[in-house]
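Undergrad: Contents are mmCIF, C-alpha atoms; file name entry39.cif:
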```cif
data_final
#
loop_
_atom_site.group_PDB
_atom_site.id
_atom_site.type_symbol
_atom_site.label_atom_id
_atom_site.label_comp_id
_atom_site.auth_asym_id
_atom_site.auth_seq_id
_atom_site.Cartn_x
_atom_site.Cartn_y
_atom_site.Cartn_z
ATOM 1 C CA MET S 1 34.357 14.860 11.187
ATOM 2 C CA GLU S 2 35.434 17.696 13.481
ATOM 3 C CA GLU S 3 32.252 19.578 12.601
ATOM 4 C CA ILE S 4 30.166 16.585 13.722
ATOM 5 C CA LYS S 5 31.906 16.444 17.097
ATOM 6 C CA LYS S 6 30.951 20.065 17.806
ATOM 7 C CA MET S 7 27.213 19.651 17.089
ATOM 8 C CA THR S 8 24.821 20.334 19.984
ATOM 9 C CA VAL S 9 21.062 20.237 20.626
ATOM 10 C CA ASP S 10 18.941 22.668 22.642
ATOM 11 C CA ASN S 11 17.001 20.185 24.792
ATOM 12 C CA LYS S 12 14.790 22.884 26.307
ATOM 13 C CA GLN S 13 13.674 23.911 22.840
ATOM 14 C CA VAL S 14 12.910 20.275 21.997
ATOM 15 C CA SER S 15 10.807 19.814 25.142
ATOM 16 C CA SER S 16 8.948 23.087 24.675
ATOM 17 C CA ALA S 17 8.118 22.401 21.029
ATOM 18 C CA LEU S 18 6.946 18.850 21.778
ATOM 19 C CA ALA S 19 4.692 20.115 24.562
ATOM 20 C CA THR S 20 3.086 22.536 22.089
ATOM 21 C CA ILE S 21 2.616 19.805 19.481
ATOM 22 C CA GLN S 22 1.125 17.336 21.969
ATOM 23 C CA ASN S 23 -1.249 19.911 23.436
ATOM 24 C CA GLU S 24 -2.699 20.528 19.968
ATOM 25 C CA LEU S 25 -3.014 16.836 19.082
ATOM 26 C CA LYS S 26 -6.364 15.907 17.492
ATOM 27 C CA LEU S 27 -7.358 12.940 15.356
ATOM 28 C CA ASN S 28 -8.189 14.009 11.829
ATOM 29 C CA THR S 29 -9.357 11.712 9.036
ATOM 30 C CA SER S 30 -7.284 13.524 6.408
ATOM 31 C CA VAL S 31 -4.139 13.113 8.515
ATOM 32 C CA LEU S 32 -4.903 9.448 9.117
ATOM 33 C CA GLU S 33 -5.436 8.797 5.412
ATOM 34 C CA THR S 34 -2.047 10.365 4.695
ATOM 35 C CA ALA S 35 -0.444 8.333 7.471
ATOM 36 C CA LEU S 36 -1.980 5.137 6.080
ATOM 37 C CA ASN S 37 -0.415 5.900 2.688
ATOM 38 C CA CYS S 38 2.966 6.389 4.370
ATOM 39 C CA ILE S 39 3.120 3.009 6.117
ATOM 40 C CA ASP S 40 5.830 0.470 5.391
ATOM 41 C CA LEU S 41 3.756 -2.641 6.100
ATOM 42 C CA THR S 42 6.215 -4.840 7.923
ATOM 43 C CA SER S 43 6.760 -8.538 8.610
ATOM 44 C CA LEU S 44 10.070 -9.226 10.348
ATOM 45 C CA ASN S 45 9.393 -12.382 12.301
ATOM 46 C CA THR S 46 11.608 -15.356 13.039
ATOM 47 C CA HIS S 47 8.827 -17.635 11.819
ATOM 48 C CA ASP S 48 8.295 -15.859 8.455
ATOM 49 C CA ASP S 49 8.350 -18.029 5.367
ATOM 50 C CA ASP S 50 7.184 -17.652 1.765
ATOM 51 C CA SER S 51 3.606 -18.622 2.609
ATOM 52 C CA ASN S 52 2.883 -15.893 5.149
ATOM 53 C CA ILE S 53 4.748 -13.267 3.106
ATOM 54 C CA ILE S 54 2.651 -14.186 0.047
ATOM 55 C CA LYS S 55 -0.492 -13.941 2.180
ATOM 56 C CA MET S 56 0.471 -10.413 3.260
ATOM 57 C CA ILE S 57 1.232 -9.351 -0.318
ATOM 58 C CA GLU S 58 -2.048 -10.751 -1.622
ATOM 59 C CA LYS S 59 -3.878 -8.566 0.891
ATOM 60 C CA VAL S 60 -1.921 -5.576 -0.409
ATOM 61 C CA ASN S 61 -2.841 -6.599 -3.969
ATOM 62 C CA ASN S 62 -6.550 -6.849 -3.117
ATOM 63 C CA TYR S 63 -6.665 -3.714 -0.954
ATOM 64 C CA LYS S 64 -8.302 -1.485 -3.589
ATOM 65 C CA SER S 65 -11.190 -3.922 -3.902
ATOM 66 C CA ASN S 66 -11.973 -3.424 -0.229
ATOM 67 C CA PHE S 67 -11.100 0.195 0.597
ATOM 68 C CA ASP S 68 -11.291 3.611 -1.069
ATOM 69 C CA TYR S 69 -8.197 5.008 0.666
ATOM 70 C CA LYS S 70 -4.707 5.028 -0.826
ATOM 71 C CA ASN S 71 -2.721 1.869 -0.208
ATOM 72 C CA VAL S 72 0.382 1.540 1.968
ATOM 73 C CA ALA S 73 3.688 2.928 0.680
ATOM 74 C CA ALA S 74 5.795 -0.229 0.869
ATOM 75 C CA VAL S 75 6.120 -3.706 2.253
ATOM 76 C CA CYS S 76 9.184 -4.410 4.383
ATOM 77 C CA VAL S 77 10.582 -7.937 4.777
ATOM 78 C CA TYR S 78 13.820 -9.809 5.311
ATOM 79 C CA PRO S 79 16.044 -9.812 2.202
ATOM 80 C CA ASN S 80 15.542 -13.499 1.414
ATOM 81 C CA PHE S 81 11.890 -12.680 0.658
ATOM 82 C CA ALA S 82 12.588 -9.887 -1.852
ATOM 83 C CA LYS S 83 12.125 -12.251 -4.799
ATOM 84 C CA THR S 84 8.887 -13.628 -3.327
ATOM 85 C CA VAL S 85 7.471 -10.117 -2.945
ATOM 86 C CA LYS S 86 8.627 -9.117 -6.413
ATOM 87 C CA GLU S 87 6.889 -12.129 -7.975
ATOM 88 C CA THR S 88 3.666 -11.679 -5.979
ATOM 89 C CA LEU S 89 3.148 -7.906 -5.826
ATOM 90 C CA THR S 90 0.931 -6.533 -8.600
ATOM 91 C CA ASP S 91 0.714 -2.850 -7.575
ATOM 92 C CA GLN S 92 3.780 -1.196 -9.101
ATOM 93 C CA ASN S 93 3.260 1.911 -6.950
ATOM 94 C CA ILE S 94 4.189 -0.013 -3.812
ATOM 95 C CA ASN S 95 7.855 -0.258 -2.949
ATOM 96 C CA ILE S 96 9.705 -3.400 -1.927
ATOM 97 C CA ALA S 97 11.799 -2.686 1.158
ATOM 98 C CA VAL S 98 14.172 -5.055 2.907
ATOM 99 C CA VAL S 99 16.137 -4.886 6.140
ATOM 100 C CA ALA S 100 19.718 -5.853 5.373
ATOM 101 C CA ALA S 101 23.403 -5.530 6.303
ATOM 102 C CA SER S 102 23.115 -7.846 9.317
ATOM 103 C CA PHE S 103 19.858 -6.383 10.617
ATOM 104 C CA PRO S 104 19.138 -5.732 13.487
ATOM 105 C CA SER S 105 22.606 -5.644 15.096
ATOM 106 C CA SER S 106 24.802 -4.605 12.142
ATOM 107 C CA GLN S 107 27.415 -6.998 13.486
ATOM 108 C CA THR S 108 29.181 -8.974 10.777
ATOM 109 C CA PHE S 109 31.961 -8.576 8.226
ATOM 110 C CA PHE S 110 31.425 -5.469 6.120
ATOM 111 C CA SER S 111 31.872 -7.509 2.937
ATOM 112 C CA VAL S 112 28.888 -9.595 4.045
ATOM 113 C CA LYS S 113 26.806 -6.442 4.613
ATOM 114 C CA LEU S 114 27.622 -5.182 1.138
ATOM 115 C CA ALA S 115 26.863 -8.546 -0.459
ATOM 116 C CA GLU S 116 23.513 -8.854 1.304
ATOM 117 C CA CYS S 117 22.416 -5.385 0.201
ATOM 118 C CA GLU S 118 23.523 -5.961 -3.379
ATOM 119 C CA LEU S 119 21.832 -9.366 -3.549
ATOM 120 C CA ALA S 120 18.561 -8.010 -2.111
ATOM 121 C CA VAL S 121 18.415 -5.312 -4.799
ATOM 122 C CA SER S 122 19.206 -7.862 -7.512
ATOM 123 C CA LYS S 123 16.220 -9.928 -6.297
ATOM 124 C CA GLY S 124 13.791 -7.016 -6.535
ATOM 125 C CA ALA S 125 14.169 -4.697 -3.546
ATOM 126 C CA ASN S 126 14.123 -0.995 -4.386
ATOM 127 C CA GLU S 127 14.541 0.159 -0.775
ATOM 128 C CA VAL S 128 17.135 -1.080 1.707
ATOM 129 C CA ASP S 129 16.984 -0.404 5.451
ATOM 130 C CA ILE S 130 20.310 -0.775 7.285
ATOM 131 C CA VAL S 131 21.463 -0.164 10.864
ATOM 132 C CA ILE S 132 24.481 2.001 11.628
ATOM 133 C CA PRO S 133 27.351 0.288 13.467
ATOM 134 C CA VAL S 134 26.194 1.661 16.813
ATOM 135 C CA GLY S 135 29.243 0.532 18.767
ATOM 136 C CA LYS S 136 31.537 2.416 16.415
ATOM 137 C CA PHE S 137 29.336 5.501 16.622
ATOM 138 C CA LEU S 138 29.289 5.514 20.426
ATOM 139 C CA ASN S 139 33.078 5.275 20.402
ATOM 140 C CA GLU S 140 33.163 8.322 18.108
ATOM 141 C CA LYS S 141 34.508 6.409 15.111
ATOM 142 C CA TYR S 142 32.422 8.688 12.943
ATOM 143 C CA GLN S 143 34.485 8.239 9.792
ATOM 144 C CA ASP S 144 33.987 4.462 9.960
ATOM 145 C CA VAL S 145 30.229 4.944 10.292
ATOM 146 C CA PHE S 146 30.223 7.345 7.351
ATOM 147 C CA ASN S 147 32.282 4.975 5.205
ATOM 148 C CA GLU S 148 29.921 2.025 5.768
ATOM 149 C CA ILE S 149 26.845 4.025 4.789
ATOM 150 C CA PHE S 150 28.571 5.663 1.832
ATOM 151 C CA LEU S 151 29.784 2.358 0.364
ATOM 152 C CA ILE S 152 26.441 0.622 0.846
ATOM 153 C CA LYS S 153 24.655 3.486 -0.889
ATOM 154 C CA LYS S 154 27.180 3.346 -3.727
ATOM 155 C CA THR S 155 26.635 -0.413 -4.024
ATOM 156 C CA ILE S 156 22.823 -0.312 -4.205
ATOM 157 C CA GLY S 157 22.743 2.533 -6.720
ATOM 158 C CA ASP S 158 19.277 3.925 -7.434
ATOM 159 C CA ALA S 159 17.594 1.913 -4.659
ATOM 160 C CA HIS S 160 16.644 4.094 -1.715
ATOM 161 C CA LEU S 161 18.743 3.706 1.419
ATOM 162 C CA LYS S 162 17.063 4.076 4.803
ATOM 163 C CA VAL S 163 19.581 4.330 7.629
ATOM 164 C CA ILE S 164 18.420 3.138 11.053
ATOM 165 C CA LEU S 165 20.037 4.991 13.950
ATOM 166 C CA GLU S 166 18.665 2.776 16.758
ATOM 167 C CA THR S 167 17.960 5.948 18.692
ATOM 168 C CA GLY S 168 16.954 4.161 21.900
ATOM 169 C CA ILE S 169 20.564 3.283 22.652
ATOM 170 C CA LEU S 170 22.257 6.454 21.434
ATOM 171 C CA LYS S 171 22.035 7.874 24.988
ATOM 172 C CA ASN S 172 21.038 11.487 24.245
ATOM 173 C CA ASN S 173 19.586 13.908 21.710
ATOM 174 C CA GLU S 174 23.002 15.234 20.763
ATOM 175 C CA ASN S 175 24.062 11.784 19.590
ATOM 176 C CA ILE S 176 20.816 11.347 17.655
ATOM 177 C CA TYR S 177 21.466 14.650 15.872
ATOM 178 C CA LYS S 178 25.065 13.705 15.073
ATOM 179 C CA ALA S 179 24.116 10.237 13.794
ATOM 180 C CA SER S 180 21.404 11.797 11.637
ATOM 181 C CA TYR S 181 23.874 14.201 10.073
ATOM 182 C CA ILE S 182 26.509 11.539 9.406
ATOM 183 C CA ALA S 183 23.908 9.328 7.714
ATOM 184 C CA MET S 184 22.669 12.145 5.504
ATOM 185 C CA GLU S 185 26.137 13.301 4.516
ATOM 186 C CA ALA S 186 26.978 9.681 3.603
ATOM 187 C CA GLY S 187 24.037 9.529 1.202
ATOM 188 C CA ALA S 188 21.025 8.270 3.160
ATOM 189 C CA ASP S 189 17.722 8.844 1.376
ATOM 190 C CA PHE S 190 15.849 8.378 4.666
ATOM 191 C CA ILE S 191 16.849 8.302 8.299
ATOM 192 C CA LYS S 192 14.914 5.915 10.515
ATOM 193 C CA THR S 193 14.608 5.715 14.278
ATOM 194 C CA SER S 194 14.697 2.071 15.204
ATOM 195 C CA THR S 195 14.732 -1.609 14.343
ATOM 196 C CA GLY S 196 11.804 -2.319 16.656
ATOM 197 C CA LYS S 197 13.914 -5.039 18.264
ATOM 198 C CA LEU S 198 15.186 -2.907 21.167
ATOM 199 C CA GLU S 199 13.505 -0.620 23.700
ATOM 200 C CA PRO S 200 12.895 2.226 23.610
ATOM 201 C CA ALA S 201 12.092 2.282 19.917
ATOM 202 C CA ALA S 202 10.598 5.368 18.224
ATOM 203 C CA THR S 203 10.055 8.311 20.567
ATOM 204 C CA PRO S 204 8.750 11.832 19.937
ATOM 205 C CA ASP S 205 12.034 13.332 21.161
ATOM 206 C CA ALA S 206 14.088 11.262 18.728
ATOM 207 C CA VAL S 207 11.862 12.092 15.758
ATOM 208 C CA PHE S 208 11.853 15.777 16.648
ATOM 209 C CA VAL S 209 15.659 15.859 16.766
ATOM 210 C CA MET S 210 15.953 13.880 13.531
ATOM 211 C CA THR S 211 13.556 16.173 11.678
ATOM 212 C CA LYS S 212 15.459 19.181 13.005
ATOM 213 C CA ALA S 213 18.663 17.637 11.621
ATOM 214 C CA ILE S 214 16.935 17.062 8.271
ATOM 215 C CA LYS S 215 15.830 20.690 8.172
ATOM 216 C CA ASP S 216 19.334 21.941 8.966
ATOM 217 C CA TYR S 217 20.849 19.617 6.368
ATOM 218 C CA TYR S 218 18.325 20.740 3.742
ATOM 219 C CA THR S 219 19.060 24.395 4.516
ATOM 220 C CA LYS S 220 22.765 23.692 4.047
ATOM 221 C CA THR S 221 22.647 21.457 0.956
ATOM 222 C CA GLY S 222 19.230 21.764 -0.707
ATOM 223 C CA ARG S 223 18.828 17.948 -0.632
ATOM 224 C CA LYS S 224 15.645 16.540 0.863
ATOM 225 C CA VAL S 225 16.032 13.498 3.104
ATOM 226 C CA GLY S 226 13.062 11.494 4.355
ATOM 227 C CA ILE S 227 12.128 10.512 7.904
ATOM 228 C CA LYS S 228 10.871 7.125 9.082
ATOM 229 C CA PRO S 229 9.693 6.626 12.672
ATOM 230 C CA ALA S 230 9.566 2.877 13.344
ATOM 231 C CA GLY S 231 9.214 0.554 16.295
ATOM 232 C CA GLY S 232 6.264 0.370 18.671
ATOM 233 C CA ILE S 233 4.011 2.597 16.560
ATOM 234 C CA ALA S 234 0.535 1.088 16.696
ATOM 235 C CA THR S 235 -2.175 3.668 17.352
ATOM 236 C CA PRO S 236 -3.744 6.436 15.251
ATOM 237 C CA GLU S 237 -2.648 8.812 18.004
ATOM 238 C CA ASP S 238 0.972 7.732 17.502
ATOM 239 C CA ALA S 239 0.717 8.286 13.757
ATOM 240 C CA THR S 240 -0.882 11.714 14.238
ATOM 241 C CA LEU S 241 1.816 12.796 16.674
ATOM 242 C CA TYR S 242 4.643 11.883 14.303
ATOM 243 C CA TYR S 243 2.810 13.495 11.386
ATOM 244 C CA ASN S 244 2.562 16.719 13.395
ATOM 245 C CA ILE S 245 6.237 16.631 14.400
ATOM 246 C CA VAL S 246 7.208 16.326 10.737
ATOM 247 C CA LYS S 247 4.836 19.157 9.835
ATOM 248 C CA TYR S 248 6.223 21.373 12.624
ATOM 249 C CA ASN S 249 9.880 21.041 11.610
ATOM 250 C CA LEU S 250 9.708 20.311 7.883
ATOM 251 C CA GLY S 251 6.358 21.575 6.624
ATOM 252 C CA LYS S 252 3.680 20.099 4.413
ATOM 253 C CA GLU S 253 6.053 19.321 1.530
ATOM 254 C CA TRP S 254 7.455 16.421 3.596
ATOM 255 C CA LEU S 255 4.015 14.943 4.352
ATOM 256 C CA ASN S 256 3.892 12.356 1.598
ATOM 257 C CA ASN S 257 5.300 8.874 1.205
ATOM 258 C CA LYS S 258 8.262 10.110 -0.825
ATOM 259 C CA LEU S 259 9.674 11.756 2.304
ATOM 260 C CA PHE S 260 7.683 10.372 5.270
ATOM 261 C CA ARG S 261 7.264 6.742 6.217
ATOM 262 C CA ILE S 262 6.028 4.914 9.282
ATOM 263 C CA GLY S 263 7.352 1.439 9.982
ATOM 264 C CA ALA S 264 4.539 -0.626 11.466
ATOM 265 C CA SER S 265 2.751 -3.959 11.401
ATOM 266 C CA ARG S 266 -0.387 -3.168 13.424
ATOM 267 C CA LEU S 267 -0.999 0.474 12.573
ATOM 268 C CA ALA S 268 -2.786 -0.021 9.242
ATOM 269 C CA ASN S 269 -5.652 -1.988 10.774
ATOM 270 C CA ASN S 270 -5.981 0.494 13.633
ATOM 271 C CA ILE S 271 -6.183 3.467 11.266
ATOM 272 C CA LEU S 272 -8.666 1.641 9.039
ATOM 273 C CA THR S 273 -10.780 0.941 12.123
ATOM 274 C CA ILE S 274 -11.073 4.681 12.768
ATOM 275 C CA LEU S 275 -11.703 5.553 9.127
ATOM 276 C CA GLU S 276 -14.290 2.798 8.595
ATOM 277 C CA ARG S 277 -15.914 3.353 12.006
ATOM 278 C CA LYS S 278 -15.892 -0.389 12.672
ATOM 279 C CA GLU S 279 -13.249 -2.901 13.698
ATOM 280 C CA VAL S 280 -10.985 -3.797 10.784
ATOM 281 C CA LYS S 281 -8.615 -6.759 10.805
ATOM 282 C CA TYR S 282 -7.688 -6.753 7.135
ATOM 283 C CA PHE S 283 -3.901 -6.901 7.298
#
```
Could I get this file's structure written as structure tokens?
TA:
Amino acid sequence: MEEIKKMTVDNKQVSSALATIQNELKLNTSVLETALNCIDLTSLNTHDDDSNIIKMIEKVNNYKSNFDYKNVAAVCVYPNFAKTVKETLTDQNINIAVVAASFPSSQTFFSVKLAECELAVSKGANEVDIVIPVGKFLNEKYQDVFNEIFLIKKTIGDAHLKVILETGILKNNENIYKASYIAMEAGADFIKTSTGKLEPAATPDAVFVMTKAIKDYYTKTGRKVGIKPAGGIATPEDATLYYNIVKYNLGKEWLNNKLFRIGASRLANNILTILERKEVKYF
């Protein structure tokens, strides 16, 4: 972990690049259609139960009867609803994602985290979103952070692992870069900004730094890792900005739902409103 400790970020370069990206920001229907197809449609509410999860999935099932655009990439729920989604979802191209391992705080016994992830996959989840132990990271217990991610990935096998950094409380871009690298080296298939439960959530700076880390990791290893901005993303402008950040650092080959996701609950309707040129409240 000595290499991790030495990692730095050029904050001036980050600010300059983001200014360029934001100055060139324009809404584009092709970009919005891609963004729509990269959404993890999310319901993570205290009041969720089987009935409202089924209602959401039925709308996903019936989407193609109402719209000509590609459907969302995944639905994201609490792990106790994985079986409900599995039994209700008819479109096999849509992934079943769960937040697990003591989401959103990552504060419980590690054996409980492992068990929750394993159980969620056994009930039908093929994507698992976990939060790093932020307290350990901030105290530079990098090996402990690595070990947790590595063992969870080993436990869930072929299911994709999305590792949430909770960038809003990592204090600076250097920490975001380091956390990104640890997660990728431990086996993360995606790195994700935020739980959406703390502020700030996703920010352009965080996503820029994370995509830069992905690029550096890919250059070093040849392994492609995905990026998932999440938390507070609601407008087509937000989606376009994050799309352009990914394009700037990683190129067009990352601009698909195999490597780019957006965690959101309101964004789909807002994009559809632009595309349909009328107010849409479908989801």
Undergrad: Let me know the residues the PyMOL selection byres ((chain S and resi 124) around 10) catches in the file above, as JSON, numbers by chain.
TA: {"S": [79, 81, 82, 83, 84, 85, 86, 87, 95, 96, 97, 98, 119, 120, 121, 122, 123, 125, 126, 127, 159]}
Undergrad: At a cut-off of 6 Å, using only C-alpha atoms, what residues contact segment 248-264 of chain S? Leave out same-chain residues fewer than 5 positions from it and give the result as a compact mmCIF listing (two decimals) with C-alpha atoms, in the frame of the given file.
TA:
```
# COMPACT_ATOMS: atom_id res chain seq x y z
CA CYS S 38 2.97 6.39 4.37
CA ILE S 39 3.12 3.01 6.12
CA ASP S 40 5.83 0.47 5.39
CA LEU S 41 3.76 -2.64 6.10
CA THR S 42 6.22 -4.84 7.92
CA GLY S 226 13.06 11.49 4.36
CA ILE S 227 12.13 10.51 7.90
CA LYS S 228 10.87 7.12 9.08
CA PRO S 229 9.69 6.63 12.67
CA ALA S 230 9.57 2.88 13.34
```
Undergrad: Which is closer to Thr167 of chain S than all the others in S:Asn66, S:Asn269, S:Thr193, S:Ser15, using all atoms listed in the file?
TA: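 Among the listed residues, S:Thr193 lies closest to Thr167 of chain S.
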Undergrad: Residues near segment 48-58 of chain S, anyone? I mean within 9 Å using only C-alpha atoms, not counting same-chain ones fewer than 2 positions away, as a PDB file with C-alpha atoms, in the coordinates of the input.
TA:
```
ATOM      1  CA  LEU S  41       3.756  -2.641   6.100  1.00  0.00           C
ATOM      2  CA  SER S  43       6.760  -8.538   8.610  1.00  0.00           C
ATOM      3  CA  LEU S  44      10.070  -9.226  10.348  1.00  0.00           C
ATOM      4  CA  ASN S  45       9.393 -12.382  12.301  1.00  0.00           C
ATOM      5  CA  THR S  46      11.608 -15.356  13.039  1.00  0.00           C
ATOM      6  CA  VAL S  60      -1.921  -5.576  -0.409  1.00  0.00           C
ATOM      7  CA  ASN S  61      -2.841  -6.599  -3.969  1.00  0.00           C
ATOM      8  CA  ASN S  62      -6.550  -6.849  -3.117  1.00  0.00           C
ATOM      9  CA  TYR S  63      -6.665  -3.714  -0.954  1.00  0.00           C
ATOM     10  CA  VAL S  75       6.120  -3.706   2.253  1.00  0.00           C
ATOM     11  CA  VAL S  77      10.582  -7.937   4.777  1.00  0.00           C
ATOM     12  CA  TYR S  78      13.820  -9.809   5.311  1.00  0.00           C
ATOM     13  CA  PHE S  81      11.890 -12.680   0.658  1.00  0.00           C
ATOM     14  CA  THR S  84       8.887 -13.628  -3.327  1.00  0.00           C
ATOM     15  CA  VAL S  85       7.471 -10.117  -2.945  1.00  0.00           C
ATOM     16  CA  THR S  88       3.666 -11.679  -5.979  1.00  0.00           C
ATOM     17  CA  LEU S  89       3.148  -7.906  -5.826  1.00  0.00           C
ATOM     18  CA  THR S  90       0.931  -6.533  -8.600  1.00  0.00           C
ATOM     19  CA  PHE S 283      -3.901  -6.901   7.298  1.00  0.00           C
TER      20      PHE S 283
END
```
Undergrad: Just the residues within 10 Å of Lys6 of chain S, please, counting only C-alpha atoms, with nothing from its chain fewer than 4 positions along; format it as a PyMOL selection string.
TA: chain S and resi 1-2+174+178
Undergrad: Using only C-alpha atoms, find the one residue out of S:Leu161, S:Ala188, S:Ala183, S:Ile21 that sits nearest to Tyr243 of chain S.
TA: S:Ile21
Undergrad: My list of candidates is S:Gln107, S:Asn93, S:Asn23, S:Ser65. Which is closest to Tyr282 of chain S when distances are computed with all atoms listed in the file?
TA: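 Ranking S:Gln107, S:Asn93, S:Asn23, S:Ser65 by distance to Tyr282 of chain S, first place goes to S:Ser65.
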Undergrad: Kindly resolve the PyMOL selection byres ((chain S and resi 144-158) around 7) on the present coordinates and return the residues as a ChimeraX atom specification.
TA: /S:114,117-118,121,132-133,136-137,141-143,159-161,182-183,186-187
